[in-house]
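Pasting model_4.csv here (CSV, C-alpha atoms):
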chain,number,residue,atom,x,y,z
A,630,MET,CA,208.7,307.8,240.7
A,631,LYS,CA,205.8,305.4,240.3
A,632,LYS,CA,204.0,307.3,243.1
A,633,TYR,CA,204.2,310.5,241.1
A,634,ILE,CA,203.0,308.8,237.9
A,635,TYR,CA,200.0,307.3,239.7
A,636,THR,CA,199.2,310.6,241.3
A,637,VAL,CA,199.3,312.4,237.9
A,638,MET,CA,197.1,309.7,236.3
A,639,LEU,CA,194.6,309.9,239.2
A,640,VAL,CA,194.4,313.7,238.9
A,641,LEU,CA,193.8,313.4,235.1
A,642,MET,CA,191.1,310.8,235.6
A,643,VAL,CA,189.4,312.9,238.2
A,644,SER,CA,189.5,316.0,236.0
A,645,ILE,CA,188.1,314.0,233.1
A,646,VAL,CA,185.3,312.7,235.3
A,647,ALA,CA,184.8,316.2,236.7
A,648,GLN,CA,183.7,317.4,233.2
A,649,ALA,CA,180.6,315.1,233.5
A,650,GLN,CA,177.1,316.3,233.3
A,651,ARG,CA,176.3,319.3,235.4
A,652,MET,CA,173.2,321.4,236.2
A,653,LEU,CA,170.9,318.6,234.9
A,654,PRO,CA,167.2,319.7,234.9
A,655,LYS,CA,165.4,318.5,238.0
A,656,GLN,CA,168.6,317.7,239.8
A,657,LYS,CA,168.4,318.7,243.5
A,658,GLY,CA,171.0,320.1,245.7
A,659,VAL,CA,171.4,321.1,249.4
A,660,GLU,CA,173.6,324.0,250.4
A,661,VAL,CA,174.8,325.5,253.6
A,662,ASN,CA,176.0,329.2,253.7
A,663,THR,CA,177.4,331.4,256.4
A,664,GLY,CA,178.6,335.0,256.4
A,665,VAL,CA,178.6,338.4,257.9
A,666,LEU,CA,176.1,341.2,257.7
A,667,SER,CA,177.5,344.3,256.0
A,668,THR,CA,178.0,346.5,259.1
A,669,ASP,CA,180.9,348.1,260.8
A,670,LYS,CA,180.8,345.4,263.5
A,671,ILE,CA,182.2,342.5,261.5
A,672,GLY,CA,182.4,339.4,263.6
A,673,ASN,CA,179.4,340.1,265.9
A,674,ASP,CA,176.7,340.1,263.3
A,675,TYR,CA,176.3,336.9,261.3
A,676,TYR,CA,173.9,334.7,259.4
A,677,ILE,CA,173.7,331.0,258.7
A,678,ASN,CA,171.3,329.3,256.3
A,679,ILE,CA,170.4,326.0,254.7
A,680,ALA,CA,169.0,325.9,251.2
A,681,MET,CA,167.6,323.5,248.7
A,682,THR,CA,168.0,324.0,244.9
A,683,VAL,CA,166.1,322.4,242.0
A,684,ASN,CA,167.8,322.8,238.7
A,685,GLY,CA,165.9,324.1,235.7
A,686,LYS,CA,167.0,324.6,232.1
A,687,LYS,CA,170.0,326.6,230.9
A,688,GLY,CA,171.7,326.9,234.3
A,689,ASN,CA,168.7,328.4,236.1
A,690,TYR,CA,167.4,326.9,239.4
A,691,GLN,CA,164.8,327.2,242.1
A,692,LEU,CA,166.0,328.3,245.5
A,693,TRP,CA,164.4,327.6,248.8
A,694,VAL,CA,166.2,329.0,251.9
A,695,LEU,CA,165.8,328.9,255.7
A,696,GLU,CA,168.0,331.5,257.4
A,697,TYR,CA,168.9,332.6,260.9
A,698,THR,CA,170.4,336.0,261.4
A,699,HIS,CA,171.9,337.3,264.7
A,700,GLN,CA,173.1,340.8,265.3
A,701,TYR,CA,173.7,343.1,268.3
A,702,HIS,CA,172.8,346.7,269.0
A,703,ASN,CA,174.8,348.7,271.6
A,704,TYR,CA,173.1,350.5,274.4
A,705,LYS,CA,175.4,351.9,277.2
A,706,ASN,CA,177.3,348.8,278.3
A,707,LEU,CA,174.7,346.4,277.0
A,708,ARG,CA,174.6,344.4,273.7
A,709,ILE,CA,171.0,344.0,272.8
A,710,PRO,CA,170.5,341.0,270.5
A,711,GLN,CA,168.3,341.0,267.4
A,712,GLU,CA,167.4,337.6,265.9
A,713,THR,CA,165.6,337.1,262.6
A,714,TYR,CA,164.3,333.9,261.2
A,715,THR,CA,163.4,333.9,257.5
A,716,ALA,CA,162.2,331.6,254.8
A,717,GLU,CA,162.9,332.5,251.2
A,718,GLY,CA,161.8,331.2,247.8
A,719,GLY,CA,162.6,332.2,244.3
A,720,TRP,CA,164.7,331.7,241.2
A,721,SER,CA,168.4,332.0,240.5
A,722,PHE,CA,169.2,332.9,236.9
A,723,PHE,CA,172.4,332.1,235.0
A,724,LEU,CA,174.3,335.2,233.9
A,725,LEU,CA,177.8,334.2,232.8
A,726,GLY,CA,179.9,331.1,232.8
A,727,ASP,CA,181.9,328.7,230.7
A,728,THR,CA,180.3,325.9,228.7
A,729,TYR,CA,181.0,323.2,231.2
A,730,LYS,CA,179.6,325.3,234.1
A,731,ASN,CA,182.9,325.1,235.9
A,732,ILE,CA,182.5,328.7,237.0
A,733,THR,CA,179.2,330.5,236.8
A,734,LEU,CA,177.8,333.9,237.9
A,735,ASN,CA,174.1,333.8,239.0
A,736,VAL,CA,171.6,336.3,240.2
A,737,ALA,CA,168.7,335.3,242.4
A,738,ILE,CA,165.4,337.0,243.2
A,739,THR,CA,163.4,335.8,246.1
A,740,GLY,CA,160.4,336.5,248.2
A,741,VAL,CA,161.0,336.6,252.0
A,742,LEU,CA,158.8,335.8,255.0
A,743,GLY,CA,160.1,335.8,258.6
A,744,TYR,CA,159.9,336.7,262.3
A,745,GLU,CA,162.1,339.1,264.1
A,746,SER,CA,162.8,339.2,267.9
A,747,VAL,CA,164.6,342.1,269.7
A,748,ASN,CA,166.1,341.2,273.1
A,749,GLY,CA,164.2,338.0,273.3
A,750,GLY,CA,160.9,339.9,273.5
A,751,GLU,CA,161.9,341.6,276.8
A,752,GLN,CA,161.2,345.3,276.4
A,753,MET,CA,162.4,346.6,279.8
A,754,LEU,CA,166.2,347.0,280.4
A,755,TYR,CA,168.0,346.9,283.8
A,756,ASP,CA,168.1,350.7,284.0
A,757,GLY,CA,164.3,351.2,283.4
A,758,ALA,CA,164.7,352.1,279.7
A,759,LYS,CA,162.1,350.6,277.4
A,760,ILE,CA,162.9,349.1,274.0
A,761,VAL,CA,160.3,350.5,271.6
A,762,SER,CA,161.1,348.0,268.8
A,763,GLU,CA,158.7,345.0,269.1
A,764,ASP,CA,158.9,341.5,267.9
A,765,ASN,CA,157.3,341.4,264.4
A,766,PHE,CA,156.5,339.2,261.5
A,767,THR,CA,158.4,340.5,258.4
A,768,TYR,CA,158.0,340.1,254.7
A,769,GLY,CA,159.8,341.5,251.7
A,770,ALA,CA,162.1,340.6,248.8
A,771,GLY,CA,165.6,339.4,248.5
A,772,GLY,CA,168.4,339.4,245.9
A,773,ARG,CA,171.6,337.4,245.7
A,774,LEU,CA,174.6,337.5,243.4
A,775,SER,CA,176.7,334.3,243.6
A,776,LEU,CA,179.9,333.2,242.0
A,777,GLU,CA,179.7,329.4,241.9
A,778,THR,CA,182.5,327.0,241.0
A,779,TYR,CA,182.4,323.2,240.9
A,780,LEU,CA,185.0,321.5,243.1
A,781,SER,CA,183.8,318.1,241.8
A,782,ASP,CA,180.6,316.9,240.1
A,783,HIS,CA,178.7,317.0,243.3
A,784,PHE,CA,180.3,319.8,245.4
A,785,VAL,CA,179.9,323.5,244.5
A,786,LEU,CA,181.7,326.3,246.3
A,787,LEU,CA,179.7,329.6,246.5
A,788,LEU,CA,180.8,333.1,247.1
A,789,GLN,CA,177.9,335.4,247.4
A,790,GLY,CA,176.6,338.8,248.2
A,791,SER,CA,172.9,339.2,249.1
A,792,THR,CA,170.4,341.7,250.4
A,793,LYS,CA,166.9,341.7,251.8
A,794,ILE,CA,164.4,344.5,251.9
A,795,LEU,CA,162.0,343.8,254.7
A,796,TRP,CA,158.7,345.5,255.7
A,797,GLY,CA,156.9,345.0,259.0
A,798,THR,CA,160.1,345.6,261.0
A,799,ASP,CA,161.0,348.4,263.4
A,800,MET,CA,164.7,347.9,262.6
A,801,LYS,CA,166.6,348.4,259.3
A,802,GLN,CA,164.7,347.6,256.2
A,803,PHE,CA,167.7,347.2,253.9
A,804,ARG,CA,170.0,344.3,255.1
A,805,PRO,CA,173.0,343.4,252.9
A,806,SER,CA,175.4,340.5,253.7
A,807,VAL,CA,178.3,338.6,252.2
A,808,GLY,CA,179.2,335.0,252.7
A,809,VAL,CA,180.5,331.7,251.5
A,810,GLY,CA,178.7,328.4,251.1
A,811,LEU,CA,179.0,324.8,249.9
A,812,ARG,CA,176.4,322.9,247.9
A,813,PHE,CA,176.0,319.2,247.4
A,814,ASN,CA,174.2,318.1,244.2
A,815,PHE,CA,172.5,314.7,244.4

Represent the supplied structure as structure tokens.
Amino acid sequence: MKKYIYTVMLVLMVSIVAQAQRMLPKQKGVEVNTGVLSTDKIGNDYYINIAMTVNGKKGNYQLWVLEYTHQYHNYKNLRIPQETYTAEGGWSFFLLGDTYKNITLNVAITGVLGYESVNGGEQMLYDGAKIVSEDNFTYGAGGRLSLETYLSDHFVLLLQGSTKILWGTDMKQFRPSVGVGLRFNF
């Protein structure tokens, strides 16, 4: 019985501490996200990114992201890889949430710069076909809608939907994705 009482007391103490200060201005955080690109080939096309956040006022924060995206395109019996490396920077704005910031809904607007490689830069295929898409530097804009919930004062779970609109590419310009992430606030 004592074990249960101690467990309940520990949970209450942690929940009281979990209501401590959150989203302090100038507080920094590091997050890791992964997810799938919104295509009909779920499981083959994915992204992974690492981001840094710097909190501003009223639940807003700066967002700096490095991302790697990998997807395949089918040609006969081949899977031709496309890899995209991007860097993003922008702001995330607080939309909705409770007063303690336990759960928040944020929208982010970013600028995007990157590099895209199709088939590792190799344009000729085994059957003599030539890939007309070339490796390119890309640029554009991005947007992200994220549902964020604090697991503790330092750990935040993120569920997000995002999209990028890229120019300078021979492939799709509009690239939506969905994913999950974890942020650690220092």

query = When distances are computed from all atoms listed in the file, which of A:Ala680, A:Leu774, A:Ile709, A:Leu724 shows the smallest separation from Gln752 of chain A?
reply = A:Ile709

How close does segment 731-815 of chain A get to segment 715-720 of chain A? List, as a tab-separated table, each residue of segment 731-815 of chain A within 7 Å, its nearest atom pair and the distance in Å to one decimal, counting all atoms listed in the file.
residue	atom	partner	partner_atom	distance
A:Ala737	CA	A:Trp720	CA	5.5
A:Ile738	CA	A:Gly719	CA	5.7
A:Thr739	CA	A:Gly719	CA	4.1
A:Gly740	CA	A:Gly718	CA	5.5
A:Val741	CA	A:Glu717	CA	4.6
A:Leu742	CA	A:Ala716	CA	5.4
A:Gly743	CA	A:Thr715	CA	4.0
A:Tyr744	CA	A:Thr715	CA	6.6

ask   = Which of these, A:Ser746, A:Thr713, A:Gln802, A:Thr733, has the shortest distance to Glu763 of chain A once you count only C-alpha atoms?
value =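 Nearest candidate to Glu763 of chain A out of A:Ser746, A:Thr713, A:Gln802, A:Thr733: A:Ser746.
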
key: Atom-to-atom span, atom CA of Asn678 of chain A and atom CA of Thr728 of chain A, Å   =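 If I compute the distance from atom CA of Asn678 of chain A to atom CA of Thr728 of chain A, I get 29.2 Å.
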
query = For the atom pair atom CA of Ile679 of chain A and atom CA of Leu653 of chain A, what is the interatomic distance in Å to one decimal place?
reply =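 Pair atom CA of Ile679 of chain A / atom CA of Leu653 of chain A returns 21.1 Å.
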
query = What does the distance between atom CA of Ile677 of chain A and atom CA of Gln691 of chain A come to in Å, to one decimal place?
reply =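 Separating atom CA of Ile677 of chain A from atom CA of Gln691 of chain A is a distance of 19.2 Å.
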
request  = Do a neighbour search on segment 698-702 of chain A at 12 Å with all atoms listed in the file, toss out local chain neighbours closer than 3 positions, and write the hits as a PyMOL selection string.
outcome  = chain A and resi 662-678+695+705-716+743-749+760+762+793+800-801+804-806

inquiry  = When you count all atoms listed in the file, which of these residues is closest to Leu786 of chain A: A:Ala758, A:Ile634, A:Met753, A:Val659?
reply    =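 With all atoms listed in the file as the atom set, the closest residue is A:Val659.
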
message = Show me, as a ChimeraX atom specification, the residues that have an atom within 10 Å of Lys687 of chain A when counting only C-alpha atoms, minus same-chain residues fewer than 5 positions from it.
response = /A:652-654,722-723

note = For Thr792 of chain A, the closest of A:Ser775, A:Thr636, A:Asn703, A:Asn731 counting only C-alpha atoms is A:Ser775

request  = Point out the residue among A:Asp799, A:Glu660, A:Glu751, A:Lys632 with the least atom-to-atom distance to Leu811 of chain A, counting all atoms listed in the file.
outcome  =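 Of A:Asp799, A:Glu660, A:Glu751, A:Lys632, the one nearest Leu811 of chain A, counting all atoms listed in the file, is A:Glu660.
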
query = From the list A:Ala770, A:Val807, A:Leu754, A:Val694, which residue is nearest Gln789 of chain A when using all atoms listed in the file?
reply =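 Checking each candidate against Gln789 of chain A, we get A:Val807 as the closest.
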
Shell around Gly769 of chain A at 6 Å using all atoms listed in the file, local window under 2 positions removed, as a list of chain:residue names =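 Listed by chain and then number, they are A:Val741, A:Ile794, A:Leu795, A:Trp796.
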